[in-house]
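Next comes run-v1.txt, a file with compact mmCIF, C-alpha atoms.
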# COMPACT_ATOMS: atom_id res chain seq x y z
CA MET A 26 -8.92 21.19 7.84
CA HIS A 27 -5.42 19.86 7.70
CA ARG A 28 -6.59 16.34 7.37
CA ILE A 29 -9.00 17.12 4.57
CA ASN A 30 -6.13 18.73 2.71
CA LEU A 31 -4.01 15.66 3.20
CA VAL A 32 -6.72 13.41 1.85
CA LYS A 33 -7.29 15.64 -1.16
CA ILE A 34 -3.64 15.80 -2.06
CA LEU A 35 -3.24 12.08 -1.56
CA THR A 36 -6.06 11.38 -3.99
CA LEU A 37 -4.59 13.74 -6.55
CA LEU A 38 -1.20 12.12 -6.14
CA LEU A 39 -2.62 8.65 -6.63
CA LEU A 40 -4.44 9.74 -9.74
CA THR A 41 -1.43 11.32 -11.43
CA VAL A 42 0.78 8.42 -10.49
CA THR A 43 -1.72 5.90 -11.84
CA ILE A 44 -2.11 7.64 -15.16
CA SER A 45 1.54 8.17 -15.84
CA VAL A 46 2.63 4.71 -14.74
CA ASN A 47 0.50 3.29 -17.49
CA ALA A 48 1.71 5.79 -20.03
CA GLN A 49 5.27 4.81 -19.30
CA HIS A 50 4.47 1.16 -19.07
CA ASN A 51 3.56 1.23 -22.73
CA SER A 52 6.68 2.92 -23.96
CA GLN A 53 9.19 0.98 -21.90
CA ASN A 54 11.16 -2.21 -22.39
CA GLU A 55 11.21 -2.54 -26.15
CA LYS A 56 14.92 -2.99 -26.08
CA LYS A 57 14.56 -6.05 -23.89
CA ALA A 58 13.01 -7.81 -26.84
CA GLU A 59 16.37 -8.88 -28.21
CA ASN A 60 17.69 -10.24 -24.94
CA SER A 61 15.34 -13.12 -24.47
CA HIS A 62 15.86 -14.58 -27.92
CA SER A 63 19.55 -15.14 -27.38
CA LYS A 64 20.63 -18.37 -25.79
CA LYS A 65 20.21 -18.54 -22.06
CA ASP A 66 23.40 -19.08 -20.15
CA LEU A 67 23.41 -18.46 -16.43
CA LYS A 68 24.74 -14.91 -16.51
CA SER A 69 22.26 -13.66 -19.06
CA GLU A 70 19.49 -15.44 -17.19
CA ILE A 71 20.37 -13.54 -14.01
CA LYS A 72 20.56 -10.32 -15.98
CA GLU A 73 17.18 -10.99 -17.48
CA TYR A 74 15.72 -11.75 -14.08
CA ILE A 75 17.02 -8.45 -12.70
CA ASN A 76 15.63 -6.58 -15.69
CA HIS A 77 12.34 -8.32 -15.22
CA HIS A 78 12.26 -7.34 -11.55
CA LEU A 79 12.81 -3.70 -12.43
CA LEU A 80 9.76 -3.66 -14.68
CA ASP A 81 6.13 -3.31 -13.83
CA SER A 82 3.97 -6.35 -14.49
CA HIS A 83 0.36 -7.22 -15.05
CA ASP A 84 0.23 -9.86 -12.34
CA PHE A 85 1.50 -10.08 -8.80
CA ASN A 86 3.94 -12.96 -8.69
CA LEU A 87 5.72 -14.12 -5.59
CA PHE A 88 7.72 -16.94 -7.17
CA SER A 89 7.60 -19.35 -10.07
CA TRP A 90 9.21 -22.64 -10.93
CA THR A 91 9.37 -25.19 -13.71
CA THR A 92 8.14 -28.72 -13.07
CA ASP A 93 9.87 -31.87 -14.34
CA GLU A 94 7.45 -31.96 -17.25
CA GLY A 95 8.68 -28.53 -18.33
CA GLU A 96 5.51 -26.78 -17.21
CA HIS A 97 5.79 -23.31 -15.65
CA LYS A 98 4.07 -22.95 -12.29
CA TYR A 99 3.40 -19.54 -10.77
CA PHE A 100 2.48 -18.54 -7.25
CA GLY A 101 0.75 -15.19 -6.96
CA ALA A 102 -2.41 -13.33 -7.82
CA PRO A 103 -3.77 -12.00 -11.09
CA LEU A 104 -4.56 -8.29 -11.35
CA PRO A 105 -7.30 -6.59 -13.33
CA VAL A 106 -6.48 -5.47 -16.87
CA ILE A 107 -8.37 -2.43 -18.10
CA LEU A 108 -8.07 -1.64 -21.79
CA TRP A 109 -9.61 1.03 -23.95
CA ASP A 110 -9.89 -0.30 -27.47
CA GLY A 111 -13.01 1.03 -29.09
CA GLY A 112 -14.76 0.45 -25.79
CA LEU A 113 -13.82 -0.48 -22.27
CA LYS A 114 -12.47 -4.02 -21.80
CA VAL A 115 -11.98 -5.30 -18.28
CA PHE A 116 -10.67 -8.75 -17.47
CA LEU A 117 -8.26 -10.46 -15.10
CA SER A 118 -4.65 -10.91 -16.13
CA SER A 119 -4.97 -14.65 -15.43
CA LYS A 120 -6.44 -14.85 -18.95
CA PHE A 121 -2.94 -14.29 -20.32
CA HIS A 122 -1.53 -17.27 -18.40
CA HIS A 123 1.65 -15.24 -17.79
CA GLY A 124 2.07 -14.38 -21.42
CA GLU A 125 1.68 -17.97 -22.59
CA ALA A 126 -1.89 -17.68 -23.89
CA VAL A 127 -4.02 -15.32 -25.95
CA ALA A 128 -6.80 -13.56 -24.07
CA GLU A 129 -10.14 -13.33 -25.86
CA VAL A 130 -12.56 -10.55 -24.93
CA ASN A 131 -15.77 -9.97 -26.94
CA GLY A 132 -14.19 -11.20 -30.16
CA ASN A 133 -10.94 -9.26 -29.72
CA TYR A 134 -7.67 -11.04 -29.02
CA TYR A 135 -4.86 -9.70 -26.87
CA LYS A 136 -1.46 -11.07 -26.09
CA LEU A 137 1.29 -10.12 -23.67
CA TYR A 138 4.59 -9.55 -25.36
CA HIS A 139 7.39 -8.52 -22.99
CA ASN A 140 4.91 -7.24 -20.41
CA LYS A 141 3.04 -5.16 -22.93
CA ILE A 142 -0.40 -5.85 -24.29
CA TYR A 143 -0.84 -6.13 -28.05
CA LYS A 144 -3.90 -6.75 -30.14
CA THR A 145 -3.50 -9.92 -32.19
CA ASP A 146 -5.49 -12.41 -34.24
CA ALA A 147 -6.94 -15.59 -32.73
CA LYS A 148 -3.62 -17.43 -32.95
CA GLY A 149 -1.72 -14.66 -31.19
CA THR A 150 0.80 -13.89 -33.93
CA ILE A 151 3.07 -10.95 -33.20
CA SER A 152 4.74 -9.57 -36.28
CA LEU A 153 8.12 -7.92 -35.73
CA ASP A 154 9.98 -5.34 -37.78
CA GLU A 155 13.73 -5.50 -38.39
CA HIS A 156 14.50 -4.00 -34.95
CA GLN A 157 12.44 -6.70 -33.22
CA HIS A 158 9.74 -4.15 -32.39
CA PRO A 159 6.22 -5.52 -32.67
CA LEU A 160 4.06 -4.01 -35.40
CA ASN A 161 0.81 -5.02 -33.76
CA GLU A 162 -1.67 -2.43 -32.60
CA LYS A 163 -1.47 -1.46 -28.93
CA PRO A 164 -4.71 -0.76 -27.06
CA LEU A 165 -4.72 2.02 -24.47
CA ASP A 166 -3.71 0.40 -21.21
CA PHE A 167 -5.23 1.61 -17.94
CA SER A 168 -4.59 -1.61 -16.06
CA ILE A 169 -4.15 -1.89 -12.35
CA THR A 170 -0.61 -3.23 -12.56
CA LYS A 171 1.58 -4.38 -9.71
CA ASN A 172 2.98 -0.92 -9.09
CA ILE A 173 -0.43 0.67 -9.04
CA THR A 174 -1.74 -1.95 -6.65
CA PHE A 175 0.99 -1.08 -4.22
CA ILE A 176 0.50 2.65 -4.69
CA PHE A 177 -3.17 2.14 -3.78
CA LEU A 178 -2.26 -0.04 -0.83
CA VAL A 179 0.22 2.48 0.53
CA GLY A 180 -2.35 5.25 0.02
CA LEU A 181 -4.91 3.25 1.96
CA LEU A 182 -2.41 2.45 4.69
CA MET A 183 -1.47 6.10 5.05
CA PHE A 184 -5.12 7.12 5.12
CA LEU A 185 -5.87 4.63 7.89
CA MET A 186 -2.75 5.55 9.86
CA PHE A 187 -3.35 9.28 9.78
CA SER A 188 -7.09 9.19 10.28
CA ARG A 189 -6.58 6.99 13.34
CA MET A 190 -3.94 9.37 14.57
CA ALA A 191 -6.26 12.34 14.14
CA LYS A 192 -9.09 10.55 15.92
CA SER A 193 -6.88 9.61 18.84
CA TYR A 194 -5.86 13.24 19.24
CA LYS A 195 -9.48 14.26 19.41
CA LYS A 196 -10.38 11.60 21.93
CA ASN A 197 -7.41 11.96 24.26
CA ASN A 198 -7.13 15.73 24.52
CA LEU A 199 -4.16 16.14 22.18
CA ILE A 200 -2.15 13.36 23.78
CA PRO A 201 -0.99 10.90 21.13
CA LYS A 202 -1.83 7.24 21.55
CA GLY A 203 -1.09 4.11 19.58
CA ILE A 204 0.14 4.87 16.08
CA GLY A 205 0.28 8.58 16.93
CA ARG A 206 3.15 7.97 19.32
CA LEU A 207 5.18 6.59 16.47
CA LEU A 208 4.25 9.24 13.95
CA GLU A 209 4.18 12.37 16.06
CA PRO A 210 7.96 12.83 16.31
CA ILE A 211 8.33 12.36 12.54
CA VAL A 212 5.53 14.79 11.74
CA LEU A 213 6.98 17.33 14.16
CA TYR A 214 10.43 16.82 12.68
CA ILE A 215 9.12 17.58 9.21
CA ARG A 216 7.36 20.67 10.49
CA ASP A 217 10.13 22.05 12.69
CA ASP A 218 13.23 21.02 10.79
CA ILE A 219 12.09 20.91 7.18
CA ALA A 220 9.07 23.14 6.63
CA ILE A 221 9.59 26.10 8.97
CA PRO A 222 13.31 26.77 8.30
CA ASN A 223 12.86 26.53 4.54
CA ILE A 224 9.46 28.07 3.92
CA GLY A 225 9.11 30.43 6.86
CA GLU A 226 6.82 30.76 9.87
CA LYS A 227 4.03 32.51 8.01
CA LYS A 228 3.50 30.34 4.99
CA TYR A 229 4.59 26.85 5.88
CA LYS A 230 1.08 25.65 6.80
CA LYS A 231 -0.14 25.65 3.22
CA TYR A 232 2.58 23.19 2.20
CA MET A 233 2.67 20.94 5.26
CA SER A 234 0.05 18.53 3.93
CA TYR A 235 1.97 17.92 0.73
CA LEU A 236 5.33 17.61 2.46
CA LEU A 237 3.97 15.07 4.94
CA THR A 238 2.22 13.12 2.21
CA VAL A 239 5.24 12.93 -0.03
CA PHE A 240 7.59 12.05 2.81
CA PHE A 241 5.51 9.17 4.13
CA PHE A 242 4.56 7.95 0.67
CA VAL A 243 8.14 7.76 -0.57
CA TRP A 244 9.43 6.35 2.68
CA ILE A 245 6.86 3.60 3.05
CA ILE A 246 7.06 2.61 -0.58
CA ASN A 247 10.87 2.53 -0.45
CA LEU A 248 10.72 0.32 2.61
CA LEU A 249 8.24 -1.99 0.87
CA GLY A 250 10.79 -2.29 -1.93
CA LEU A 251 13.16 -3.96 0.54
CA THR A 252 10.69 -6.69 1.44
CA PRO A 253 10.74 -9.91 -0.59
CA LEU A 254 7.42 -9.01 -2.21
CA GLY A 255 9.15 -7.73 -5.33
CA VAL A 256 7.66 -4.26 -5.00
CA ASN A 257 9.59 -1.66 -6.96
CA VAL A 258 7.48 1.42 -7.26
CA THR A 259 9.98 4.24 -6.83
CA ASN A 260 12.34 2.71 -9.36
CA ASN A 261 9.72 3.30 -11.97
CA ILE A 262 10.62 6.66 -13.47
CA ALA A 263 6.96 7.47 -14.13
CA VAL A 264 6.19 7.40 -10.42
CA THR A 265 9.02 9.73 -9.53
CA LEU A 266 8.06 11.90 -12.51
CA SER A 267 4.56 12.39 -11.16
CA LEU A 268 5.85 13.13 -7.68
CA ALA A 269 8.26 15.70 -9.11
CA LEU A 270 5.49 17.15 -11.29
CA VAL A 271 3.33 17.78 -8.24
CA THR A 272 6.23 19.65 -6.65
CA TYR A 273 6.77 21.57 -9.88
CA PHE A 274 3.12 22.59 -10.21
CA LEU A 275 2.89 23.57 -6.56
CA THR A 276 6.00 25.72 -6.92
CA THR A 277 4.84 27.31 -10.15
CA PHE A 278 1.27 28.04 -9.16
CA THR A 279 1.91 29.28 -5.65
CA ALA A 280 4.92 31.42 -6.56
CA ASN A 281 4.67 35.14 -5.85
CA LYS A 282 5.72 38.12 -7.92
CA ASN A 283 9.13 38.20 -6.31
CA TYR A 284 9.96 34.68 -7.51
CA TRP A 285 9.10 35.44 -11.13
CA LYS A 286 11.04 38.66 -10.92
CA HIS A 287 14.08 36.67 -9.85
CA VAL A 288 13.56 34.28 -12.74
CA PHE A 289 13.01 36.76 -15.56
CA TRP A 290 14.64 40.00 -14.39
CA MET A 291 17.17 39.27 -11.67
CA PRO A 292 17.45 42.32 -9.43
CA GLY A 293 20.82 43.67 -8.39
CA VAL A 294 22.86 42.72 -11.47
CA PRO A 295 23.74 44.88 -14.48
CA TRP A 296 21.27 44.66 -17.38
CA PRO A 297 23.35 42.57 -19.86
CA MET A 298 23.62 39.95 -17.15
CA LYS A 299 19.86 40.03 -16.67
CA ILE A 300 19.36 39.01 -20.29
CA ILE A 301 21.86 36.17 -19.95
CA LEU A 302 20.45 35.03 -16.62
CA ALA A 303 16.79 34.92 -17.65
CA PRO A 304 16.99 31.77 -19.85
CA ILE A 305 19.30 30.08 -17.37
CA GLU A 306 16.94 30.75 -14.50
CA LEU A 307 13.96 29.66 -16.57
CA LEU A 308 15.74 26.43 -17.42
CA GLY A 309 16.55 26.09 -13.73
CA THR A 310 12.88 25.93 -12.84
CA PHE A 311 12.60 22.77 -14.96
CA ILE A 312 15.90 21.29 -13.87
CA LYS A 313 14.91 21.38 -10.22
CA PRO A 314 11.97 18.96 -10.47
CA PHE A 315 13.92 16.96 -13.09
CA SER A 316 16.74 16.37 -10.65
CA LEU A 317 14.21 15.37 -7.99
CA MET A 318 12.84 12.78 -10.37
CA ILE A 319 16.22 11.40 -11.43
CA ARG A 320 17.65 11.31 -7.93
CA LEU A 321 14.91 9.22 -6.38
CA TYR A 322 14.62 6.94 -9.41
CA ALA A 323 18.35 6.38 -9.82
CA ASN A 324 19.09 5.80 -6.15
CA ILE A 325 16.42 3.18 -5.72
CA THR A 326 17.12 1.51 -9.06
CA ALA A 327 20.84 1.35 -8.36
CA GLY A 328 20.13 -0.14 -4.93
CA HIS A 329 17.86 -2.82 -6.35
CA ILE A 330 20.26 -3.74 -9.16
CA VAL A 331 23.24 -4.07 -6.83
CA LEU A 332 21.25 -6.05 -4.27
CA MET A 333 19.96 -8.48 -6.88
CA SER A 334 23.37 -8.84 -8.50
CA ILE A 335 24.84 -9.76 -5.12
CA ILE A 336 22.14 -12.36 -4.64
CA GLY A 337 22.92 -13.58 -8.16
CA LEU A 338 26.57 -14.11 -7.14
CA MET A 339 25.42 -17.18 -5.25
CA PHE A 340 24.45 -18.90 -8.49
CA ILE A 341 27.61 -17.87 -10.31
CA PHE A 342 30.09 -19.03 -7.66
CA LYS A 343 28.50 -22.43 -7.15
CA ASN A 344 30.86 -23.44 -4.34
CA TRP A 345 30.87 -23.22 -0.56
CA ILE A 346 32.01 -19.61 -0.41
CA GLY A 347 29.20 -18.32 -2.63
CA SER A 348 26.26 -18.32 -0.34
CA PRO A 349 27.83 -16.97 2.87
CA LEU A 350 29.48 -14.24 0.80
CA SER A 351 26.33 -13.32 -1.00
CA PHE A 352 24.28 -13.49 2.20
CA GLY A 353 26.71 -11.28 4.11
CA LEU A 354 26.97 -8.70 1.37
CA ALA A 355 23.23 -8.68 0.77
CA PHE A 356 22.59 -8.25 4.49
CA ALA A 357 25.00 -5.33 4.76
CA LEU A 358 23.61 -3.73 1.64
CA SER A 359 20.04 -4.14 2.89
CA LEU A 360 20.98 -2.22 6.02
CA LEU A 361 22.45 0.51 3.83
CA GLU A 362 19.30 0.50 1.71
CA LEU A 363 17.20 1.04 4.84
CA LEU A 364 19.15 4.24 5.36
CA VAL A 365 18.86 5.19 1.69
CA ALA A 366 15.08 4.62 1.77
CA ALA A 367 14.67 7.14 4.58
CA LEU A 368 17.34 9.50 3.25
CA GLN A 369 15.80 9.75 -0.20
CA ALA A 370 12.36 10.45 1.27
CA TYR A 371 13.97 13.10 3.48
CA ILE A 372 15.86 14.71 0.61
CA PHE A 373 12.82 14.74 -1.64
CA THR A 374 10.79 16.47 1.09
CA MET A 375 13.63 18.79 2.01
CA LEU A 376 14.28 19.95 -1.55
CA SER A 377 10.55 20.35 -2.22
CA ALA A 378 10.34 22.54 0.86
CA LEU A 379 13.37 24.49 -0.34
CA TYR A 380 11.75 25.13 -3.73
CA PHE A 381 8.47 26.18 -2.10
CA GLY A 382 10.48 28.48 0.14
CA MET A 383 12.08 30.09 -2.90
CA ALA A 384 8.68 30.51 -4.52
CA VAL A 385 7.08 32.36 -1.61
CA GLU A 386 10.09 34.33 -0.37
CA GLU A 387 9.24 37.97 0.29
CA HIS A 388 11.17 40.80 -1.23
CA HIS A 389 14.16 41.98 0.75
CA ASP A 390 16.90 44.45 -0.07
CA ASP A 391 19.99 42.78 1.33
CA HIS A 392 21.41 41.53 -1.97
CA MET B 9 28.36 -0.64 -23.28
CA THR B 10 31.30 0.59 -25.30
CA ILE B 11 34.68 1.63 -23.94
CA PRO B 12 34.06 5.43 -24.11
CA ASN B 13 30.86 4.90 -22.15
CA ILE B 14 32.67 2.98 -19.45
CA VAL B 15 35.46 5.57 -19.24
CA GLY B 16 32.88 8.33 -19.10
CA ALA B 17 30.98 6.59 -16.32
CA GLY B 18 34.25 6.17 -14.42
CA LEU B 19 35.09 9.86 -14.78
CA ILE B 20 31.63 10.84 -13.56
CA VAL B 21 31.96 8.64 -10.52
CA ILE B 22 35.42 10.08 -9.74
CA GLY B 23 34.10 13.61 -10.07
CA ALA B 24 30.98 13.05 -7.99
CA GLY B 25 32.99 11.14 -5.40
CA LEU B 26 35.52 13.96 -5.08
CA GLY B 27 32.73 16.51 -4.78
CA ILE B 28 30.77 14.66 -2.14
CA GLY B 29 33.99 13.80 -0.33
CA ARG B 30 34.97 17.44 -0.13
CA ILE B 31 31.54 18.38 1.17
CA GLY B 32 31.68 15.63 3.78
CA GLY B 33 35.20 16.62 4.84
CA SER B 34 34.34 20.29 5.14
CA ALA B 35 31.24 19.42 7.13
CA MET B 36 33.37 17.37 9.51
CA ASP B 37 35.73 20.33 9.95
CA ALA B 38 32.81 22.64 10.57
CA ILE B 39 31.25 20.30 13.12
CA ALA B 40 34.58 19.92 14.90
CA ARG B 41 34.82 23.70 15.17
CA GLN B 42 31.24 24.27 16.19
CA PRO B 43 29.70 21.08 17.55
CA GLU B 44 26.55 22.95 18.62
CA ALA B 45 25.73 23.79 15.00
CA SER B 46 25.99 20.18 13.83
CA GLY B 47 22.29 19.86 13.00
CA LYS B 48 22.31 22.80 10.61
CA ILE B 49 25.60 21.73 9.07
CA GLN B 50 24.30 18.23 8.46
CA THR B 51 21.22 19.54 6.68
CA ALA B 52 23.27 21.83 4.47
CA MET B 53 25.70 19.00 3.80
CA LEU B 54 22.93 16.62 2.75
CA ILE B 55 21.39 19.17 0.40
CA ALA B 56 24.70 19.93 -1.27
CA ALA B 57 25.55 16.25 -1.55
CA ALA B 58 22.12 15.52 -3.01
CA LEU B 59 22.55 18.22 -5.64
CA ILE B 60 25.91 16.81 -6.75
CA GLU B 61 24.49 13.33 -6.73
CA GLY B 62 21.60 14.46 -8.92
CA ILE B 63 23.98 15.86 -11.53
CA GLY B 64 26.11 12.75 -11.28
CA PHE B 65 23.15 10.51 -11.98
CA ALA B 66 21.99 12.67 -14.85
CA ALA B 67 25.46 12.37 -16.42
CA LEU B 68 25.56 8.62 -15.77
CA PHE B 69 22.31 8.22 -17.68
CA ALA B 70 23.75 10.20 -20.55
CA ALA B 71 26.95 8.12 -20.60
Rewrite the structure from the file as structure tokens, please.
Amino acid sequence: MHRINLVKILTLLLLTVTISVNAQHNSQNEKKAENSHSKKDLKSEIKEYINHHLLDSHDFNLFSWTTDEGEHKYFGAPLPVILWDGGLKVFLSSKFHHGEAVAEVNGNYYKLYHNKIYKTDAKGTISLDEHQHPLNEKPLDFSITKNITFIFLVGLLMFLMFSRMAKSYKKNNLIPKGIGRLLEPIVLYIRDDIAIPNIGEKKYKKYMSYLLTVFFFVWIINLLGLTPLGVNVTNNIAVTLSLALVTYFLTTFTANKNYWKHVFWMPGVPWPMKIILAPIELLGTFIKPFSLMIRLYANITAGHIVLMSIIGLMFIFKNWIGSPLSFGLAFALSLLELLVAALQAYIFTMLSALYFGMAVEEHHDDH
Amino acid sequence: MTIPNIVGAGLIVIGAGLGIGRIGGSAMDAIARQPEASGKIQTAMLIAAALIEGIGFAALFAA
């Protein structure tokens, strides 16, 4: 039963994350429009590259270079673009030629402008207003972008890992084998040191599936962010928003009477205080998931920016000291980021468990 | 980034640093007094540090 729960929650998680990544993808990065028109010296080029890395994209690119003829070459894979524009339009992002060409689908023309898809005429003209914001119509974008690809991949990986683990338990009389040996201590740690102390012996089981899912999801995806694949899922605020929203909804919908009493009519304080405390406590219920969202997003984003800036030092120094310095610093920082990746997953799980614990706490008279 | 923004960001970092530093220091004291409770102290320390960090980041975004 536990496993079925895990699968269900995982699917739900993937769905929310997918939807909101796209929603955010549309509204982001308008302010980057000005940057690329200015002249490109080295520093601004590095800055632009870092900004570009922090964004989601419609294709999966490992590296790119410019040939002697001035032609841009890309190495990577195109990803499917799914648009809703008076009907479903599905095509591969290779049609955009990395933003250099206009994609034509059933008589409609689309163009990439700063990683966003706009509807244009056959020539691909993008008209801008005085703030450099495009005036073109934007179709609804449900594309499988780079972030979503990796969310799906991590979901699949987790599904395979845990279903194999469950099978091996069945086959070997509850003795873990293979992947289970690696995962069992972590799962037990989450149960014994995170779930039970915070939620309580009686009720922790209901939340275990979510806590395990969120821990492994955040951890694995943070670790993937440290590989040279250019994955950056948790430094997309939409992803962390959906994760925090799941925590928020779970807290809100499983909360008992006692929790709401503490929010709206705090027991044990004089009545004028109760009136003052009620809005504060109500606000607190929103601030909790909000801080979860910001914490994960900001930590991972800050890590990526610093790491890429250190790598960029190599190109700024341009003498013998540059590359050993940048390599050494980047190596040390990567080790720190390994710790941060696990720590942020731990803290997210821990605080979620804490909030669930608050929501299901039974009434007691000692305060 | 304008100068008030930079000064604000600096103040935030000083404040958050002092806060987390105090938590870390107190946790060290506590562990030195009661080494057998180090696990629980570490957990409490991490939670408190994470809360301060969250506020710090929120303020940094505002600055």
Residues of chain A within 8 Å of chain B, all atoms listed in the file counted, as a ChimeraX atom specification: /A:316-317,319-320,323,372,375-376
Give as a ChimeraX atom specification the set of residues within 12 Å of the point (26.0, 21.9, 11.8), where distances use the file's coordinates and all atoms listed in the file. /B:32,34-54
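Ranking A:Leu354, A:Leu237, A:Ile224, A:Met291 by their shortest atom-to-atom distance to A:Met383, with only C-alpha atoms included, puts A:Ile224 first.
Of note, atom CA of A:Thr170 and atom CA of A:Lys114 are spaced 15.1 Å apart.
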May I ask for the distance between atom CA of A:Ile336 and atom CA of A:Tyr371, given in Å to one decimal place? 27.9 Å
Atom pair atom CA of A:Ala303 / atom CA of B:Ala56: separation (Å):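 Interatomic distance here is 23.6 Å.
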Exercise: A:Gly309 partners within 12 Å, only C-alpha atoms, chain neighbours under 4 positions left out, as a PDB file with C-alpha atoms, keeping the file's coordinate frame:
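Written file, result-v9.pdb:
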ATOM      1  CA  TYR A 273       6.770  21.570  -9.880  1.00  0.00           C
ATOM      2  CA  HIS A 287      14.080  36.670  -9.850  1.00  0.00           C
ATOM      3  CA  VAL A 288      13.560  34.280 -12.740  1.00  0.00           C
ATOM      4  CA  PHE A 289      13.010  36.760 -15.560  1.00  0.00           C
ATOM      5  CA  LEU A 302      20.450  35.030 -16.620  1.00  0.00           C
ATOM      6  CA  ALA A 303      16.790  34.920 -17.650  1.00  0.00           C
ATOM      7  CA  PRO A 304      16.990  31.770 -19.850  1.00  0.00           C
ATOM      8  CA  ILE A 305      19.300  30.080 -17.370  1.00  0.00           C
ATOM      9  CA  LYS A 313      14.910  21.380 -10.220  1.00  0.00           C
ATOM     10  CA  PRO A 314      11.970  18.960 -10.470  1.00  0.00           C
ATOM     11  CA  PHE A 315      13.920  16.960 -13.090  1.00  0.00           C
ATOM     12  CA  SER A 316      16.740  16.370 -10.650  1.00  0.00           C
ATOM     13  CA  TYR A 380      11.750  25.130  -3.730  1.00  0.00           C
TER      14      TYR A 380
END
Counting all atoms listed in the file, which of A:Asn344, A:Asn261, A:Asn86, A:Thr238 gets nearest to A:Lys98?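 Closest candidate: A:Asn86.
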Quick one: residues within 12 Å of A:Lys228, all atoms listed in the file counted, chain neighbours fewer than 2 positions away excluded, as a list in words?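 Close residues of A:Lys228: Arg216, Ala220, Ile221, Pro222, Asn223, Ile224, Gly225, Glu226, Lys230, Lys231, Tyr232, Met233, Thr279, Ala280, Asn281, Ala378, Phe381, Gly382, Met383, Ala384, Val385, Glu386 and Glu387 of chain A.
Closest approach to A:Leu268 among A:Lys68, A:Gly95, A:Thr374, A:Lys286: A:Thr374, based on all atoms listed in the file.
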As a PyMOL selection string, please: the residues near stretch 241-249 of chain A (cut-off 7 Å, only C-alpha atoms, same-chain neighbours under 3 positions excluded). chain A and resi 179+237-238+252+256+258-259+363+366-367+370
Find the spatial neighbours of B:Ala17, counting only C-alpha atoms, within a cut-off of 7 Å - ignore same-chain residues fewer than 3 positions away - and output them as a PyMOL selection string. chain B and resi 13-14+20-21+68+71
Using all atoms listed in the file, find all polymer residues with an atom at most 12 Å away from the point (24.3, -9.8, 1.3); report them as a PyMOL selection string. chain A and resi 331-339+347-362
For stretch 35-46 of chain B, supply N, CA and C atoms and format the output as a PDB file, keeping the file's coordinate frame.
ATOM      1  N   ALA B  35      32.260  19.471   6.087  1.00  0.00           N
ATOM      2  CA  ALA B  35      31.240  19.420   7.130  1.00  0.00           C
ATOM      3  C   ALA B  35      31.830  18.895   8.424  1.00  0.00           C
ATOM      4  N   MET B  36      32.703  17.898   8.315  1.00  0.00           N
ATOM      5  CA  MET B  36      33.370  17.370   9.510  1.00  0.00           C
ATOM      6  C   MET B  36      34.174  18.474  10.197  1.00  0.00           C
ATOM      7  N   ASP B  37      34.953  19.223   9.390  1.00  0.00           N
ATOM      8  CA  ASP B  37      35.730  20.330   9.950  1.00  0.00           C
ATOM      9  C   ASP B  37      34.831  21.301  10.691  1.00  0.00           C
ATOM     10  N   ALA B  38      33.715  21.648  10.000  1.00  0.00           N
ATOM     11  CA  ALA B  38      32.810  22.640  10.570  1.00  0.00           C
ATOM     12  C   ALA B  38      32.215  22.135  11.879  1.00  0.00           C
ATOM     13  N   ILE B  39      31.851  20.838  11.901  1.00  0.00           N
ATOM     14  CA  ILE B  39      31.250  20.300  13.120  1.00  0.00           C
ATOM     15  C   ILE B  39      32.280  20.260  14.235  1.00  0.00           C
ATOM     16  N   ALA B  40      33.540  19.951  13.879  1.00  0.00           N
ATOM     17  CA  ALA B  40      34.580  19.920  14.900  1.00  0.00           C
ATOM     18  C   ALA B  40      34.780  21.317  15.493  1.00  0.00           C
ATOM     19  N   ARG B  41      34.659  22.343  14.664  1.00  0.00           N
ATOM     20  CA  ARG B  41      34.820  23.700  15.170  1.00  0.00           C
ATOM     21  C   ARG B  41      33.627  24.136  15.993  1.00  0.00           C
ATOM     22  N   GLN B  42      32.447  23.826  15.490  1.00  0.00           N
ATOM     23  CA  GLN B  42      31.240  24.270  16.190  1.00  0.00           C
ATOM     24  C   GLN B  42      30.284  23.111  16.376  1.00  0.00           C
ATOM     25  N   PRO B  43      30.531  22.283  17.372  1.00  0.00           N
ATOM     26  CA  PRO B  43      29.700  21.080  17.550  1.00  0.00           C
ATOM     27  C   PRO B  43      28.229  21.438  17.771  1.00  0.00           C
ATOM     28  N   GLU B  44      27.941  22.618  18.323  1.00  0.00           N
ATOM     29  CA  GLU B  44      26.550  22.950  18.620  1.00  0.00           C
ATOM     30  C   GLU B  44      25.744  23.239  17.352  1.00  0.00           C
ATOM     31  N   ALA B  45      26.447  23.509  16.237  1.00  0.00           N
ATOM     32  CA  ALA B  45      25.730  23.790  15.000  1.00  0.00           C
ATOM     33  C   ALA B  45      25.627  22.556  14.105  1.00  0.00           C
ATOM     34  N   SER B  46      25.877  21.371  14.683  1.00  0.00           N
ATOM     35  CA  SER B  46      25.990  20.180  13.830  1.00  0.00           C
ATOM     36  C   SER B  46      24.707  19.873  13.065  1.00  0.00           C
TER      37      SER B  46
END
